[in-house]
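S.K.: To start, I am sharing the structure in question, which I have written as structure tokens.
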Amino acid sequence: MQSELCDRAFVRYSRQIMVAEVGELGQVALTQAQVLIVGAGGLGSAAAMYLAAAGVGLVVIADDDEVEISNLQRQVIYREADISHSKAVAACQQLNALNPSIRTRAVQAKLAGLQLEIEVQQADIVLDCSDNWVTRYAVNQACYQHQTPLITGASIGWQGQLLAFDFRQTSPCYQCVFPLRNEVSPQDQNCRSNGVMGPVVGTIGTLQALNAIKTIIDVGEVGFGLLQQFNGLTGKWQQVSVDADSACPVCGQQEQREVG
């Protein structure tokens, strides 16, 4: 495991290392970190590029879709040459071109079941950049089970949403905020059916990356347990504190969870 930076890394990340809260120790922590990004759409595009540029050691990108021309309006990691190719693979190729010193791994699948459990367990932090409820609930449950911090984002139209949960300690979860509904379908309320403004998606994805970096180096305020909503038309934010739901089927019995 890398414990110090080489001369080239010092130069590459010099402007970041100069930030007092980061320094060499923070940069080393980033190079040792593994981040799982679930979904390589607009949110994942922005988050992945900033994490790669920041020097996160291993970025794992999971997505089962192929690039379509309509994606290019907001999924800025892709180029026209990537159309009809795997999103996960194309995204990793772009990240490696941006920063050859990091490692990437493409998972060409819609994470679920045991595969999701394994990927979450291996990650230091998970970014949920998916576009459907089913995946969000599954990622939330896996992160809670393995005590892996989770930063989830969403965007529709002019609206953006950001939530973070630190499952290493007592915390509410995604299902506390949005209880599971029987009528939920995988296509319910996503940009394919409702439209979205690209810069709004980029704003949320960039903040997911920023909060992941702060979590990895353990500095600043991440906003764990806060529902943050962004209105792209007004440029205003709203924040609401989230309480754990004692009846939540995922985290409602936290005192019974085994730690370790």
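Letters A, B, ... mark the chains of the structure tokens in the order given; residue numbers begin at 1 per chain; ligand numbers begin at 1, in order shown.
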If DSSP is run on the backbone, what residues of range 7-222 of chain A are helix (DSSP H, G or I)? A reply as a PyMOL selection string would be ideal.
M.R.: chain A and resi 7-12+14-17+23-31+42-54+69-73+80-82+87-98+113-122+133-146+174-177+191-194+198-217
S.K.: Contacts of Asp128 in chain A at 10 Å or less, counting only C-alpha atoms, minus same-chain residues fewer than 4 places along, as a list in words?
M.R.: Leu36, Ile37, Val38, Gly39, Ala40, Leu43, Gly44, Thr135, Arg136, Val139, Asn140, Leu150, Ile151, Thr152, Gly153, Ala154, Leu163, Ala164, Gly205 and Gln208 of chain A
S.K.: Using only all heavy atoms, please write the residues we just selected to a file, as a compact mmCIF listing (two decimals), in the first residue's frame.
M.R.:
```txt
# COMPACT_ATOMS: atom_id res chain seq x y z
N LEU A 36 -16.88 3.14 -5.27
CA LEU A 36 -17.81 2.48 -6.17
C LEU A 36 -18.84 3.48 -6.64
O LEU A 36 -19.52 4.12 -5.82
CB LEU A 36 -18.50 1.31 -5.45
CG LEU A 36 -19.69 0.67 -6.19
CD1 LEU A 36 -19.25 0.03 -7.50
CD2 LEU A 36 -20.39 -0.36 -5.29
N ILE A 37 -18.96 3.64 -7.95
CA ILE A 37 -19.96 4.51 -8.55
C ILE A 37 -21.01 3.63 -9.23
O ILE A 37 -20.70 2.91 -10.18
CB ILE A 37 -19.34 5.48 -9.56
CG1 ILE A 37 -18.31 6.38 -8.87
CG2 ILE A 37 -20.43 6.33 -10.23
CD1 ILE A 37 -17.59 7.32 -9.82
N VAL A 38 -22.22 3.68 -8.73
CA VAL A 38 -23.31 2.88 -9.29
C VAL A 38 -24.10 3.76 -10.25
O VAL A 38 -24.85 4.65 -9.84
CB VAL A 38 -24.23 2.34 -8.18
CG1 VAL A 38 -25.32 1.47 -8.79
CG2 VAL A 38 -23.42 1.54 -7.16
N GLY A 39 -23.92 3.54 -11.53
CA GLY A 39 -24.58 4.34 -12.55
C GLY A 39 -23.61 5.29 -13.20
O GLY A 39 -23.00 6.13 -12.52
N ALA A 40 -23.44 5.18 -14.51
CA ALA A 40 -22.49 6.02 -15.24
C ALA A 40 -23.21 6.97 -16.18
O ALA A 40 -22.81 7.17 -17.32
CB ALA A 40 -21.50 5.14 -16.02
N LEU A 43 -24.90 11.98 -13.47
CA LEU A 43 -24.31 12.10 -12.14
C LEU A 43 -22.96 11.40 -12.08
O LEU A 43 -21.96 11.96 -11.61
CB LEU A 43 -25.25 11.49 -11.09
CG LEU A 43 -26.61 12.14 -10.91
CD1 LEU A 43 -27.51 11.23 -10.08
CD2 LEU A 43 -26.48 13.50 -10.25
N GLY A 44 -22.92 10.16 -12.53
CA GLY A 44 -21.70 9.38 -12.48
C GLY A 44 -20.60 9.97 -13.33
O GLY A 44 -19.41 9.88 -12.98
N THR A 135 -32.77 0.18 -7.77
CA THR A 135 -31.34 0.17 -7.50
C THR A 135 -31.01 0.99 -6.26
O THR A 135 -30.19 0.58 -5.43
CB THR A 135 -30.57 0.72 -8.72
OG1 THR A 135 -30.81 -0.12 -9.86
CG2 THR A 135 -29.08 0.76 -8.44
N ARG A 136 -31.65 2.13 -6.10
CA ARG A 136 -31.37 2.97 -4.93
C ARG A 136 -31.67 2.24 -3.62
O ARG A 136 -30.89 2.30 -2.67
CB ARG A 136 -32.19 4.26 -5.00
CG ARG A 136 -31.71 5.22 -6.09
CD ARG A 136 -32.63 6.40 -6.19
NE ARG A 136 -32.35 7.16 -7.41
CZ ARG A 136 -33.21 7.94 -8.01
NH1 ARG A 136 -34.43 8.08 -7.51
NH2 ARG A 136 -32.88 8.61 -9.10
N VAL A 139 -28.97 -0.54 -3.15
CA VAL A 139 -27.67 0.02 -2.76
C VAL A 139 -27.71 0.49 -1.32
O VAL A 139 -26.78 0.26 -0.54
CB VAL A 139 -27.29 1.17 -3.71
CG1 VAL A 139 -26.06 1.91 -3.19
CG2 VAL A 139 -27.01 0.63 -5.11
N ASN A 140 -28.80 1.15 -0.95
CA ASN A 140 -28.96 1.62 0.43
C ASN A 140 -28.87 0.46 1.42
O ASN A 140 -28.16 0.54 2.43
CB ASN A 140 -30.30 2.33 0.55
CG ASN A 140 -30.64 2.69 1.99
OD1 ASN A 140 -30.06 3.58 2.59
ND2 ASN A 140 -31.63 1.99 2.56
N LEU A 150 -22.52 6.19 2.18
CA LEU A 150 -23.27 6.28 0.94
C LEU A 150 -23.61 7.74 0.64
O LEU A 150 -24.11 8.45 1.50
CB LEU A 150 -24.57 5.47 1.04
CG LEU A 150 -25.61 5.64 -0.07
CD1 LEU A 150 -25.07 5.15 -1.40
CD2 LEU A 150 -26.90 4.91 0.30
N ILE A 151 -23.32 8.15 -0.59
CA ILE A 151 -23.72 9.48 -1.06
C ILE A 151 -24.58 9.28 -2.29
O ILE A 151 -24.12 8.74 -3.30
CB ILE A 151 -22.50 10.36 -1.38
CG1 ILE A 151 -21.63 10.54 -0.13
CG2 ILE A 151 -22.95 11.72 -1.90
CD1 ILE A 151 -20.32 11.24 -0.39
N THR A 152 -25.82 9.69 -2.21
CA THR A 152 -26.76 9.45 -3.30
C THR A 152 -27.24 10.76 -3.88
O THR A 152 -27.45 11.75 -3.17
CB THR A 152 -27.96 8.61 -2.80
OG1 THR A 152 -28.88 8.41 -3.89
CG2 THR A 152 -28.68 9.28 -1.66
N GLY A 153 -27.38 10.79 -5.19
CA GLY A 153 -27.84 11.99 -5.89
C GLY A 153 -28.97 11.66 -6.85
O GLY A 153 -29.14 10.50 -7.25
N ALA A 154 -29.71 12.67 -7.22
CA ALA A 154 -30.79 12.50 -8.19
C ALA A 154 -31.05 13.85 -8.85
O ALA A 154 -30.77 14.91 -8.27
CB ALA A 154 -32.06 11.98 -7.52
N LEU A 163 -28.11 13.47 -0.88
CA LEU A 163 -28.27 12.84 0.44
C LEU A 163 -26.99 12.07 0.77
O LEU A 163 -26.38 11.47 -0.12
CB LEU A 163 -29.44 11.87 0.44
CG LEU A 163 -30.85 12.39 0.69
CD1 LEU A 163 -31.87 11.38 0.18
CD2 LEU A 163 -31.06 12.63 2.17
N ALA A 164 -26.60 12.10 2.02
CA ALA A 164 -25.42 11.34 2.44
C ALA A 164 -25.70 10.63 3.76
O ALA A 164 -26.34 11.21 4.65
CB ALA A 164 -24.21 12.27 2.58
N GLY A 205 -23.64 15.75 -9.28
CA GLY A 205 -22.57 14.78 -9.40
C GLY A 205 -21.25 15.31 -8.88
O GLY A 205 -20.48 14.59 -8.22
N GLN A 208 -21.34 15.19 -5.19
CA GLN A 208 -21.13 13.82 -4.71
C GLN A 208 -19.64 13.52 -4.64
O GLN A 208 -19.16 12.92 -3.67
CB GLN A 208 -21.83 12.82 -5.64
CG GLN A 208 -23.35 12.78 -5.50
CD GLN A 208 -23.98 11.74 -6.40
OE1 GLN A 208 -24.29 12.02 -7.56
NE2 GLN A 208 -24.17 10.54 -5.88
```
S.K.: Please identify all polymer residues within 7 Å of Lys110 in chain A, counting only C-alpha atoms, omitting same-chain residues fewer than 6 positions from it, and present them as a ChimeraX atom specification.
M.R.: /A:62-64
S.K.: May I have the selected residues written with N, CA, C and O atoms, as a short mmCIF file (atom, residue, chain, number, x, y, z; two decimals), in the first residue's frame?
M.R.:
```
data_model
loop_
_atom_site.label_atom_id
_atom_site.label_comp_id
_atom_site.auth_asym_id
_atom_site.auth_seq_id
_atom_site.Cartn_x
_atom_site.Cartn_y
_atom_site.Cartn_z
N ALA A 62 -20.09 0.85 -12.26
CA ALA A 62 -21.04 -0.21 -12.59
C ALA A 62 -22.21 0.37 -13.37
O ALA A 62 -22.88 1.29 -12.91
N ASP A 63 -22.42 -0.17 -14.55
CA ASP A 63 -23.56 0.24 -15.39
C ASP A 63 -23.75 -0.80 -16.48
O ASP A 63 -22.78 -1.27 -17.06
N ASP A 64 -25.00 -1.17 -16.75
CA ASP A 64 -25.27 -2.19 -17.75
C ASP A 64 -25.72 -1.61 -19.09
O ASP A 64 -26.02 -2.37 -20.01
#
```
S.K.: If you run DSSP on the backbone here, which positions in range 57-224 of chain A get strand (DSSP E or B)? Please write them as an NGL selection string.
M.R.: :A and (58-62 or 66-67 or 83 or 86 or 103-107 or 125-128 or 150-157 or 159-165 or 196 or 224)
S.K.: Write the residues you've just listed into a file as a CSV table (one decimal), in the first residue's frame, and include N, CA, C and O atoms for each of them.
M.R.:
```
chain,number,residue,atom,x,y,z
A,58,LEU,N,-8.6,3.7,-6.8
A,58,LEU,CA,-9.4,2.8,-7.6
A,58,LEU,C,-10.8,3.3,-7.7
A,58,LEU,O,-11.5,3.5,-6.7
A,59,VAL,N,-11.3,3.5,-9.0
A,59,VAL,CA,-12.7,3.9,-9.2
A,59,VAL,C,-13.4,2.8,-10.0
A,59,VAL,O,-12.9,2.4,-11.0
A,60,VAL,N,-14.4,2.2,-9.3
A,60,VAL,CA,-15.2,1.1,-9.9
A,60,VAL,C,-16.5,1.7,-10.4
A,60,VAL,O,-17.2,2.4,-9.7
A,61,ILE,N,-16.8,1.5,-11.7
A,61,ILE,CA,-18.0,2.0,-12.3
A,61,ILE,C,-18.9,0.9,-12.8
A,61,ILE,O,-18.4,0.0,-13.6
A,62,ALA,N,-20.1,0.9,-12.3
A,62,ALA,CA,-21.0,-0.2,-12.6
A,62,ALA,C,-22.2,0.4,-13.4
A,62,ALA,O,-22.9,1.3,-12.9
A,66,GLU,N,-25.6,0.9,-22.7
A,66,GLU,CA,-24.7,1.4,-23.7
A,66,GLU,C,-24.9,2.9,-23.9
A,66,GLU,O,-26.0,3.4,-23.6
A,67,VAL,N,-23.9,3.6,-24.5
A,67,VAL,CA,-24.1,5.0,-24.7
A,67,VAL,C,-25.0,5.2,-25.9
A,67,VAL,O,-24.9,4.6,-26.9
A,83,ILE,N,-20.8,5.9,-28.8
A,83,ILE,CA,-22.2,5.5,-29.0
A,83,ILE,C,-22.2,4.0,-29.3
A,83,ILE,O,-21.4,3.5,-30.1
A,86,SER,N,-20.3,0.1,-24.3
A,86,SER,CA,-20.6,0.0,-22.9
A,86,SER,C,-20.3,1.3,-22.2
A,86,SER,O,-19.2,1.8,-22.3
A,103,ARG,N,-6.3,3.6,-11.0
A,103,ARG,CA,-6.8,2.3,-11.6
A,103,ARG,C,-8.4,2.4,-11.7
A,103,ARG,O,-9.0,3.1,-10.9
A,104,THR,N,-8.9,1.8,-12.7
A,104,THR,CA,-10.4,1.8,-12.8
A,104,THR,C,-10.8,0.3,-13.1
A,104,THR,O,-10.0,-0.5,-13.5
A,105,ARG,N,-12.1,0.1,-12.8
A,105,ARG,CA,-12.6,-1.3,-13.1
A,105,ARG,C,-14.1,-1.1,-13.6
A,105,ARG,O,-14.8,-0.4,-12.9
A,106,ALA,N,-14.4,-1.6,-14.7
A,106,ALA,CA,-15.7,-1.5,-15.3
A,106,ALA,C,-16.5,-2.8,-14.9
A,106,ALA,O,-16.1,-3.9,-15.1
A,107,VAL,N,-17.7,-2.6,-14.4
A,107,VAL,CA,-18.7,-3.7,-14.1
A,107,VAL,C,-19.8,-3.5,-15.0
A,107,VAL,O,-20.7,-2.6,-14.8
A,125,ILE,N,-16.3,3.9,0.0
A,125,ILE,CA,-17.5,4.8,-0.1
A,125,ILE,C,-18.2,4.5,-1.4
A,125,ILE,O,-17.6,4.1,-2.4
A,126,VAL,N,-19.5,4.6,-1.3
A,126,VAL,CA,-20.3,4.3,-2.5
A,126,VAL,C,-21.1,5.6,-2.9
A,126,VAL,O,-21.6,6.3,-2.1
A,127,LEU,N,-21.0,5.8,-4.2
A,127,LEU,CA,-21.8,6.9,-4.8
A,127,LEU,C,-23.0,6.3,-5.6
A,127,LEU,O,-22.7,5.6,-6.6
A,128,ASP,N,-24.2,6.6,-5.2
A,128,ASP,CA,-25.4,6.1,-5.9
A,128,ASP,C,-25.7,7.1,-6.9
A,128,ASP,O,-26.3,8.2,-6.6
A,150,LEU,N,-22.5,6.2,2.2
A,150,LEU,CA,-23.3,6.3,0.9
A,150,LEU,C,-23.6,7.7,0.6
A,150,LEU,O,-24.1,8.4,1.5
A,151,ILE,N,-23.3,8.2,-0.6
A,151,ILE,CA,-23.7,9.5,-1.1
A,151,ILE,C,-24.6,9.3,-2.3
A,151,ILE,O,-24.1,8.7,-3.3
A,152,THR,N,-25.8,9.7,-2.2
A,152,THR,CA,-26.8,9.5,-3.3
A,152,THR,C,-27.2,10.8,-3.9
A,152,THR,O,-27.5,11.7,-3.2
A,153,GLY,N,-27.4,10.8,-5.2
A,153,GLY,CA,-27.8,12.0,-5.9
A,153,GLY,C,-29.0,11.7,-6.9
A,153,GLY,O,-29.1,10.5,-7.2
A,154,ALA,N,-29.7,12.7,-7.2
A,154,ALA,CA,-30.8,12.5,-8.2
A,154,ALA,C,-31.1,13.8,-8.8
A,154,ALA,O,-30.8,14.9,-8.3
A,155,SER,N,-31.6,13.8,-10.1
A,155,SER,CA,-31.9,15.1,-10.8
A,155,SER,C,-33.0,14.8,-11.8
A,155,SER,O,-33.0,13.8,-12.5
A,156,ILE,N,-34.0,15.7,-11.8
A,156,ILE,CA,-35.1,15.7,-12.8
A,156,ILE,C,-35.4,17.1,-13.1
A,156,ILE,O,-35.5,18.0,-12.2
A,157,GLY,N,-35.5,17.4,-14.4
A,157,GLY,CA,-35.9,18.8,-14.8
A,157,GLY,C,-34.8,19.8,-14.3
A,157,GLY,O,-33.6,19.7,-14.6
A,159,GLN,N,-34.5,20.3,-11.0
A,159,GLN,CA,-34.3,20.0,-9.6
A,159,GLN,C,-33.2,18.9,-9.4
A,159,GLN,O,-33.1,18.0,-10.1
A,160,GLY,N,-32.4,19.2,-8.4
A,160,GLY,CA,-31.4,18.3,-8.0
A,160,GLY,C,-31.5,17.9,-6.5
A,160,GLY,O,-32.1,18.7,-5.7
A,161,GLN,N,-31.0,16.8,-6.1
A,161,GLN,CA,-31.2,16.3,-4.8
A,161,GLN,C,-29.9,15.5,-4.3
A,161,GLN,O,-29.3,14.8,-5.1
A,162,LEU,N,-29.5,15.8,-3.1
A,162,LEU,CA,-28.3,15.2,-2.6
A,162,LEU,C,-28.5,14.7,-1.1
A,162,LEU,O,-29.1,15.4,-0.3
A,163,LEU,N,-28.1,13.5,-0.9
A,163,LEU,CA,-28.3,12.8,0.4
A,163,LEU,C,-27.0,12.1,0.8
A,163,LEU,O,-26.4,11.5,-0.1
A,164,ALA,N,-26.6,12.1,2.0
A,164,ALA,CA,-25.4,11.3,2.4
A,164,ALA,C,-25.7,10.6,3.8
A,164,ALA,O,-26.3,11.2,4.7
A,165,PHE,N,-25.2,9.4,3.9
A,165,PHE,CA,-25.4,8.6,5.1
A,165,PHE,C,-24.1,8.0,5.5
A,165,PHE,O,-23.4,7.4,4.7
A,196,VAL,N,-34.3,16.5,-18.2
A,196,VAL,CA,-33.4,17.0,-17.2
A,196,VAL,C,-32.4,18.0,-17.8
A,196,VAL,O,-32.1,17.9,-19.0
A,224,PHE,N,-24.1,14.6,6.4
A,224,PHE,CA,-24.7,13.3,6.7
A,224,PHE,C,-26.1,13.5,7.3
A,224,PHE,O,-26.2,14.3,8.3
```
S.K.: Can you list, as a compact mmCIF listing (two decimals) with N, CA, C and O atoms, in the first residue's frame, every protein, DNA or RNA residue that comes within 7 Å of Leu95 in chain A when you count only C-alpha atoms, leaving out same-chain residues fewer than 4 positions away?
M.R.:
```
# COMPACT_ATOMS: atom_id res chain seq x y z
N MET A 49 -15.15 11.81 -13.07
CA MET A 49 -14.04 12.60 -13.60
C MET A 49 -13.34 13.38 -12.50
O MET A 49 -12.10 13.46 -12.48
N ALA A 52 -11.32 10.86 -10.34
CA ALA A 52 -10.11 10.43 -11.04
C ALA A 52 -9.08 11.54 -11.05
O ALA A 52 -7.89 11.31 -10.80
N ALA A 91 -16.45 4.84 -19.93
CA ALA A 91 -16.14 5.77 -18.83
C ALA A 91 -14.77 5.48 -18.25
O ALA A 91 -13.97 6.39 -18.01
N ASN A 99 -6.24 10.41 -16.16
CA ASN A 99 -5.24 10.20 -15.11
C ASN A 99 -4.74 8.76 -15.16
O ASN A 99 -5.32 7.87 -14.53
```
S.K.: When distances are computed from only C-alpha atoms, which of A:Phe10, A:Trp158, A:Tyr78, A:Tyr50 shows the smallest separation from Thr206 in chain A?
M.R.: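 With only C-alpha atoms as the atom set, the closest residue is A:Tyr50.
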S.K.: Measuring between only C-alpha atoms, which one of A:Val28, A:Ala142, A:Ala212, A:Ile204 shows the shortest distance to Val250 in chain A?
M.R.: A:Ala142
S.K.: Need the shell around Ser70 in chain A: protein/DNA/RNA residues with any atom at most 12 Å away, counting only C-alpha atoms. Skip same-chain ones fewer than 6 positions apart. Format as a VMD selection string?
M.R.: chain A and resid 41 to 42 76 78 to 80 83 to 84 191 to 192 195 to 196 198
S.K.: With N, CA and C atoms kept, could you save the residues just selected as a JSON list (two decimals), in the first residue's frame?
M.R.:
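Below is the file that was written, out_23.json:
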```json
[["chain", "number", "residue", "atom", "x", "y", "z"],
["A", 41, "GLY", "N", -24.28, 7.58, -15.67],
["A", 41, "GLY", "CA", -25.01, 8.58, -16.43],
["A", 41, "GLY", "C", -24.49, 9.98, -16.15],
["A", 42, "GLY", "N", -25.40, 10.95, -16.08],
["A", 42, "GLY", "CA", -24.98, 12.32, -15.86],
["A", 42, "GLY", "C", -24.32, 12.53, -14.51],
["A", 76, "VAL", "N", -21.21, 13.94, -19.78],
["A", 76, "VAL", "CA", -20.10, 14.60, -20.46],
["A", 76, "VAL", "C", -18.82, 13.78, -20.48],
["A", 78, "TYR", "N", -18.60, 11.01, -22.05],
["A", 78, "TYR", "CA", -18.62, 10.26, -23.31],
["A", 78, "TYR", "C", -18.43, 11.16, -24.52],
["A", 79, "ARG", "N", -18.05, 10.52, -25.64],
["A", 79, "ARG", "CA", -17.89, 11.19, -26.93],
["A", 79, "ARG", "C", -18.75, 10.46, -27.95],
["A", 80, "GLU", "N", -18.97, 11.06, -29.11],
["A", 80, "GLU", "CA", -19.80, 10.41, -30.13],
["A", 80, "GLU", "C", -19.26, 9.04, -30.52],
["A", 83, "ILE", "N", -20.81, 5.94, -28.78],
["A", 83, "ILE", "CA", -22.20, 5.51, -28.98],
["A", 83, "ILE", "C", -22.25, 4.02, -29.34],
["A", 84, "SER", "N", -23.17, 3.30, -28.68],
["A", 84, "SER", "CA", -23.37, 1.86, -28.83],
["A", 84, "SER", "C", -22.32, 1.03, -28.10],
["A", 191, "CYS", "N", -34.99, 10.73, -15.72],
["A", 191, "CYS", "CA", -34.83, 11.75, -16.75],
["A", 191, "CYS", "C", -35.29, 11.26, -18.12],
["A", 192, "ARG", "N", -35.34, 9.93, -18.32],
["A", 192, "ARG", "CA", -35.80, 9.41, -19.60],
["A", 192, "ARG", "C", -37.25, 9.80, -19.86],
["A", 195, "GLY", "N", -37.22, 14.36, -18.49],
["A", 195, "GLY", "CA", -36.28, 15.36, -18.96],
["A", 195, "GLY", "C", -35.41, 15.89, -17.83],
["A", 196, "VAL", "N", -34.27, 16.50, -18.20],
["A", 196, "VAL", "CA", -33.37, 17.02, -17.19],
["A", 196, "VAL", "C", -32.41, 18.03, -17.84],
["A", 198, "GLY", "N", -28.74, 19.41, -18.12],
["A", 198, "GLY", "CA", -27.41, 18.87, -17.91],
["A", 198, "GLY", "C", -26.61, 19.51, -16.79]]
```
